[in-house]
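To start, the structure under review is shown below, and the notes come after it.
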Amino acid sequence: MALENVILTVENCRYCLMCRHVAPVEKVTHRETLSPHGWALLIASQRRGLIDWNEDTVDAIYSAPDHGNSRVHCVTDQPLPEAIAAVRAEIAEQNLGPPIIYEINEALSTYGTPYATEEPGRISGQGEDALYVGDEAPYLWPRALEAAITLLRAIGVTPVTVGVGRSNGYLASSLGFPGTAARLARANLVDIREAGASRVIVLSPGDAFAFGQLWYERLGIDWPEDVQLVELVTLLDDRLAAGALRFSQARDDRPYAYVDPTHAIRVKDRHDRPRRLVEAVMPGKRVELLYRRERAHPVGSTALQFTKPDIAEKLTRARIEDAVSAGAQVLITEDPGTLYHLSRYAKEYGVEVAGLYELLAAHLARGRL
């Protein structure tokens, strides 16, 4: 789709309130400007020459979470997040963006990540199964990566690791740097090809969204037709259902909540899978958050952690408060970025944050199945 056609999505969204009830930033800031139709109206007004990009208007545009709520809840599938990303690309190219986005882009261009100052690691060998590592797992929540490899080996999969320490391209795209995002995407594809993989396993729905949708829609890069893309959660749930994977019960009867991770709403038909896995281990009562499944809100692990850290913090705290109000004492999820941000504030609320993969790995049932 032509760039201008994507941006013209705002003409359909500027006075529509269909997704307003699930707009996370408006809920935590109480600012109508920072809602889907508010951003659409702002962009439409700029296209008409009614306003200019200045410090205030750019600040508003960079307050959007790029989480996907608006599109998921649109009956006509308007790609508003893609339109906002395209507008940010125009702003960035004109050097009108906030200074932080250029710093992050430089880090992504140099190191493939904003979380470390080292180049991405090499692939670990060759094989049919590749595990995409990314940058959030090794730098924000390395325990998830270690546990994921343990779980894969338990189901007979010895993966080659690819994309070690390299972003999936989402962050660069979201900040308005599609060129950087495309270079990261192609570098990851080189890893996959050199590994000879016919299946790529990802740790989070954010990776599944980036590879399976964002690359094509925003960057014009196709995922290889001969390479299967699958979430680790899907693999484990299938093996559990087939009786090929068993877990022992944890000695923890505290009420818990599974927290749908950032970007989970962008991946269809995946919401029940992690819940079944958690139930296989946790004997306590499972409670559900108000904003869950198709209504799930992100924590602060989107680009907002850099452009608007105050809003990122409010989003994360809102998720914890939602869980606490439901009676949860343990918050469980699998996405490294979501785990990292939840853990930053959880102790203040008297709750524990646990990684799903670590929990499962710790309770693998040993012996013959």
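To be explicit about the labels: the chains of the structure tokens are called A, B, and onward in the order shown, and within each one the residues are counted from 1, while ligands get numbers from 1 in the order they are shown.
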Per-residue nearest contacts of region 28-142 of chain A to region 340-356 of chain A (12 Å; only C-alpha atoms) as JSON lines:
```
{"residue": "A:Glu136", "atom": "CA", "partner": "A:Tyr340", "partner_atom": "CA", "distance": 8.9}
{"residue": "A:Ala137", "atom": "CA", "partner": "A:Tyr340", "partner_atom": "CA", "distance": 9.5}
{"residue": "A:Pro138", "atom": "CA", "partner": "A:Tyr340", "partner_atom": "CA", "distance": 11.5}
{"residue": "A:Tyr139", "atom": "CA", "partner": "A:Tyr340", "partner_atom": "CA", "distance": 9.8}
{"residue": "A:Leu140", "atom": "CA", "partner": "A:Tyr340", "partner_atom": "CA", "distance": 6.0}
{"residue": "A:Trp141", "atom": "CA", "partner": "A:Tyr340", "partner_atom": "CA", "distance": 6.3}
{"residue": "A:Pro142", "atom": "CA", "partner": "A:Tyr340", "partner_atom": "CA", "distance": 10.1}
```
Put those residues in a file: N, CA and C atoms, as a JSON list (two decimals), in the first residue's frame.
```
[["chain", "number", "residue", "atom", "x", "y", "z"],
["A", 136, "GLU", "N", 15.53, -8.24, 23.83],
["A", 136, "GLU", "CA", 14.93, -8.09, 25.15],
["A", 136, "GLU", "C", 15.27, -9.26, 26.06],
["A", 137, "ALA", "N", 15.28, -10.47, 25.52],
["A", 137, "ALA", "CA", 15.56, -11.64, 26.36],
["A", 137, "ALA", "C", 16.96, -11.59, 26.97],
["A", 138, "PRO", "N", 18.02, -11.44, 26.18],
["A", 138, "PRO", "CA", 19.36, -11.48, 26.79],
["A", 138, "PRO", "C", 19.68, -10.28, 27.68],
["A", 139, "TYR", "N", 19.09, -9.12, 27.37],
["A", 139, "TYR", "CA", 19.47, -7.92, 28.10],
["A", 139, "TYR", "C", 18.50, -7.50, 29.19],
["A", 140, "LEU", "N", 17.23, -7.90, 29.08],
["A", 140, "LEU", "CA", 16.24, -7.49, 30.07],
["A", 140, "LEU", "C", 15.78, -8.62, 30.98],
["A", 141, "TRP", "N", 15.71, -9.85, 30.43],
["A", 141, "TRP", "CA", 15.21, -10.97, 31.23],
["A", 141, "TRP", "C", 15.86, -12.26, 30.73],
["A", 142, "PRO", "N", 17.17, -12.43, 30.97],
["A", 142, "PRO", "CA", 17.90, -13.58, 30.42],
["A", 142, "PRO", "C", 17.40, -14.93, 30.93]]
```
message: List the spatial neighbours of region 25-35 of chain A as a PyMOL selection string - criterion: any atom at most 12 Å away, only C-alpha atoms, same-chain residues fewer than 3 positions off excluded.
response: chain A and resi 13-22+38-43+56-67+69-70+80-81+291+297-300+302+304+308+310-319+321
message: Using DSSP assignments from the backbone, pull out every residue in region 15-221 of chain A that falls under alpha helix (DSSP H) and give it to me as an NGL selection string.
response: :A and (24-29 or 36-47 or 55-61 or 69-72 or 80-93 or 99-111 or 136-140 or 142-154 or 170-175 or 178-195 or 205-209)
Spatial neighbours of region 116-126 of chain A, 10 Å, only C-alpha atoms, chain gap at least 2 places, as a PyMOL selection string: chain A and resi 107-108+110-114+128-135+138-139+159-167+187+190-197
With N, CA and C atoms retained, could you export that selection as an mmCIF file, in the first residue's frame?
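See result_36.cif below for the written result:
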```cif
data_model
loop_
_atom_site.group_PDB
_atom_site.id
_atom_site.type_symbol
_atom_site.label_atom_id
_atom_site.label_comp_id
_atom_site.auth_asym_id
_atom_site.auth_seq_id
_atom_site.Cartn_x
_atom_site.Cartn_y
_atom_site.Cartn_z
ATOM 1 N N ALA A 107 21.752 3.837 18.231
ATOM 2 C CA ALA A 107 22.082 2.599 18.947
ATOM 3 C C ALA A 107 21.609 1.378 18.165
ATOM 4 N N LEU A 108 20.408 1.456 17.601
ATOM 5 C CA LEU A 108 19.884 0.344 16.811
ATOM 6 C C LEU A 108 20.720 0.133 15.550
ATOM 7 N N THR A 110 23.900 0.874 15.179
ATOM 8 C CA THR A 110 25.258 0.466 15.516
ATOM 9 C C THR A 110 25.313 -0.918 16.157
ATOM 10 N N TYR A 111 24.411 -1.141 17.114
ATOM 11 C CA TYR A 111 24.472 -2.364 17.914
ATOM 12 C C TYR A 111 23.268 -3.287 17.725
ATOM 13 N N GLY A 112 22.241 -2.827 17.035
ATOM 14 C CA GLY A 112 21.052 -3.648 16.856
ATOM 15 C C GLY A 112 20.129 -3.647 18.047
ATOM 16 N N THR A 113 20.425 -2.841 19.058
ATOM 17 C CA THR A 113 19.640 -2.788 20.287
ATOM 18 C C THR A 113 19.935 -1.502 21.037
ATOM 19 N N PRO A 114 18.980 -0.987 21.805
ATOM 20 C CA PRO A 114 19.264 0.163 22.667
ATOM 21 C C PRO A 114 19.701 -0.265 24.066
ATOM 22 N N GLU A 128 17.507 -27.448 11.608
ATOM 23 C CA GLU A 128 16.161 -27.195 11.101
ATOM 24 C C GLU A 128 15.384 -26.226 11.984
ATOM 25 N N ASP A 129 15.639 -26.258 13.297
ATOM 26 C CA ASP A 129 14.919 -25.403 14.237
ATOM 27 C C ASP A 129 15.814 -24.276 14.727
ATOM 28 N N ALA A 130 15.338 -23.054 14.565
ATOM 29 C CA ALA A 130 16.060 -21.889 15.049
ATOM 30 C C ALA A 130 15.231 -21.191 16.120
ATOM 31 N N LEU A 131 15.880 -20.766 17.176
ATOM 32 C CA LEU A 131 15.237 -19.969 18.217
ATOM 33 C C LEU A 131 15.692 -18.524 18.047
ATOM 34 N N TYR A 132 14.739 -17.640 17.746
ATOM 35 C CA TYR A 132 15.082 -16.227 17.631
ATOM 36 C C TYR A 132 15.209 -15.658 19.039
ATOM 37 N N VAL A 133 16.385 -15.128 19.351
ATOM 38 C CA VAL A 133 16.681 -14.638 20.696
ATOM 39 C C VAL A 133 16.244 -13.188 20.861
ATOM 40 N N GLY A 134 16.562 -12.339 19.861
ATOM 41 C CA GLY A 134 16.228 -10.928 19.977
ATOM 42 C C GLY A 134 17.097 -10.209 20.978
ATOM 43 N N ASP A 135 16.659 -9.002 21.380
ATOM 44 C CA ASP A 135 17.463 -8.213 22.318
ATOM 45 C C ASP A 135 16.846 -8.088 23.706
ATOM 46 N N PRO A 138 18.020 -11.443 26.181
ATOM 47 C CA PRO A 138 19.357 -11.479 26.792
ATOM 48 C C PRO A 138 19.680 -10.281 27.676
ATOM 49 N N TYR A 139 19.089 -9.125 27.374
ATOM 50 C CA TYR A 139 19.475 -7.919 28.103
ATOM 51 C C TYR A 139 18.497 -7.497 29.190
ATOM 52 N N PRO A 159 17.647 -26.243 19.465
ATOM 53 C CA PRO A 159 17.590 -25.146 18.497
ATOM 54 C C PRO A 159 18.932 -24.473 18.231
ATOM 55 N N VAL A 160 19.047 -23.961 17.040
ATOM 56 C CA VAL A 160 20.120 -23.028 16.708
ATOM 57 C C VAL A 160 19.635 -21.649 17.128
ATOM 58 N N THR A 161 20.466 -20.873 17.779
ATOM 59 C CA THR A 161 20.058 -19.533 18.172
ATOM 60 C C THR A 161 20.430 -18.527 17.084
ATOM 61 N N VAL A 162 19.479 -17.677 16.738
ATOM 62 C CA VAL A 162 19.675 -16.645 15.717
ATOM 63 C C VAL A 162 19.208 -15.307 16.265
ATOM 64 N N GLY A 163 19.635 -14.227 15.607
ATOM 65 C CA GLY A 163 19.216 -12.904 16.037
ATOM 66 C C GLY A 163 19.595 -12.597 17.468
ATOM 67 N N VAL A 164 20.730 -13.093 17.900
ATOM 68 C CA VAL A 164 21.142 -12.943 19.301
ATOM 69 C C VAL A 164 21.529 -11.494 19.587
ATOM 70 N N GLY A 165 20.728 -10.821 20.409
ATOM 71 C CA GLY A 165 20.995 -9.431 20.751
ATOM 72 C C GLY A 165 20.531 -8.427 19.721
ATOM 73 N N ARG A 166 19.808 -8.882 18.683
ATOM 74 C CA ARG A 166 19.373 -7.979 17.622
ATOM 75 C C ARG A 166 17.858 -7.774 17.673
ATOM 76 N N SER A 167 17.432 -6.549 17.594
ATOM 77 C CA SER A 167 16.013 -6.205 17.602
ATOM 78 C C SER A 167 15.285 -6.818 16.415
ATOM 79 N N ALA A 187 18.963 -8.458 8.351
ATOM 80 C CA ALA A 187 20.052 -9.112 9.085
ATOM 81 C C ALA A 187 19.540 -10.364 9.796
ATOM 82 N N VAL A 190 19.169 -13.063 7.228
ATOM 83 C CA VAL A 190 20.465 -13.655 6.887
ATOM 84 C C VAL A 190 20.830 -14.733 7.900
ATOM 85 N N ASP A 191 20.612 -14.437 9.196
ATOM 86 C CA ASP A 191 20.876 -15.435 10.234
ATOM 87 C C ASP A 191 20.062 -16.702 10.001
ATOM 88 N N ILE A 192 18.785 -16.522 9.690
ATOM 89 C CA ILE A 192 17.890 -17.667 9.497
ATOM 90 C C ILE A 192 18.348 -18.515 8.314
ATOM 91 N N ARG A 193 18.711 -17.843 7.219
ATOM 92 C CA ARG A 193 19.167 -18.569 6.031
ATOM 93 C C ARG A 193 20.494 -19.278 6.286
ATOM 94 N N GLU A 194 21.416 -18.608 6.945
ATOM 95 C CA GLU A 194 22.721 -19.224 7.206
ATOM 96 C C GLU A 194 22.592 -20.407 8.157
ATOM 97 N N ALA A 195 21.581 -20.355 9.023
ATOM 98 C CA ALA A 195 21.353 -21.467 9.940
ATOM 99 C C ALA A 195 20.692 -22.656 9.244
ATOM 100 N N GLY A 196 20.131 -22.427 8.058
ATOM 101 C CA GLY A 196 19.447 -23.494 7.340
ATOM 102 C C GLY A 196 18.145 -23.911 7.999
ATOM 103 N N ALA A 197 17.511 -22.985 8.713
ATOM 104 C CA ALA A 197 16.309 -23.309 9.482
ATOM 105 C C ALA A 197 15.075 -23.415 8.600
#
```
message: Among region 232-342 of chain A, which ones does DSSP assign to strand (DSSP E) (computed from the backbone)? Answer as a ChimeraX atom specification.
response: /A:256-258,286-287,330-333
May I have the selected residues written with C-alpha atoms, as a PDB file, in the first residue's frame?
```pdb
ATOM      1  CA  TYR A 256      -2.352 -15.604  40.402  1.00  0.00           C
ATOM      2  CA  ALA A 257      -3.084 -13.769  37.171  1.00  0.00           C
ATOM      3  CA  TYR A 258      -1.725 -14.438  33.722  1.00  0.00           C
ATOM      4  CA  ARG A 286      -6.469 -18.026  38.604  1.00  0.00           C
ATOM      5  CA  VAL A 287      -7.999 -14.567  38.470  1.00  0.00           C
ATOM      6  CA  VAL A 330       1.514 -13.520  41.554  1.00  0.00           C
ATOM      7  CA  LEU A 331       1.717 -12.088  38.024  1.00  0.00           C
ATOM      8  CA  ILE A 332       2.839 -14.526  35.340  1.00  0.00           C
ATOM      9  CA  THR A 333       3.746 -13.883  31.712  1.00  0.00           C
TER      10      THR A 333
END
```
- request: Name the closest residue to Pro79 (chain A) among the candidates A:Ala92, A:Arg266, A:Glu146, A:Asn188; distances are taken between atoms, counting only C-alpha atoms.
  value: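 Among A:Ala92, A:Arg266, A:Glu146, A:Asn188, it is A:Arg266 that comes nearest to Pro79 (chain A).
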- request: May I have the residues within 8 Å of Gln249 (chain A) as JSON, numbers by chain, using only C-alpha atoms and disregarding those fewer than 3 positions away in the same chain?
  value: {"A": [280, 281, 282, 283, 363]}
message: Would you compute the distance between CA of Ala326 (chain A) and CA of Glu288 (chain A)? Give it in Å to one decimal.
response: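 Between CA of Ala326 (chain A) and CA of Glu288 (chain A) the gap is 6.8 Å.
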- prompt: Do you have the CA of Ala242 (chain A)-CA of Leu152 (chain A) distance handy?
  reply: 15.4 Å
- prompt: Just how far from CA of Gly337 (chain A) is CA of Arg293 (chain A), in Å to one decimal?
  reply: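 Going from CA of Arg293 (chain A) over to CA of Gly337 (chain A) covers 17.9 Å.
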field: Residue neighbourhood Ala362 (chain A), 12 Å, only C-alpha atoms, exclusion window fewer than 3 positions, as a list of chain:residue names
entry: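 Close residues of Ala362 (chain A): A:Arg143, A:Ala144, A:Glu146, A:Ala147, A:Ala148, A:Thr150, A:Leu151, A:Ala154, A:Arg246, A:Phe247, A:Ser248, A:Gln249, A:Ala250, A:Arg251, A:Val281, A:Met282, A:Ala354, A:Gly355, A:Leu356, A:Tyr357, A:Glu358, A:Leu359, A:Ala365, A:Arg366.
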task: Check the smallest atom-to-atom distance from each of A:His73, A:Arg153, A:Arg270, A:His37 to Val230 (chain A) using only C-alpha atoms, then report the winner.
output: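 The shortest atom-to-atom distance to Val230 (chain A) comes from A:Arg270.
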- request: For Glu55 (chain A), work out the shell of residues within 9 Å, counting only C-alpha atoms and skipping chain neighbours fewer than 6 positions away, then give it as a list of chain:residue names.
  value: A:Leu96, A:Gly97, A:Pro98
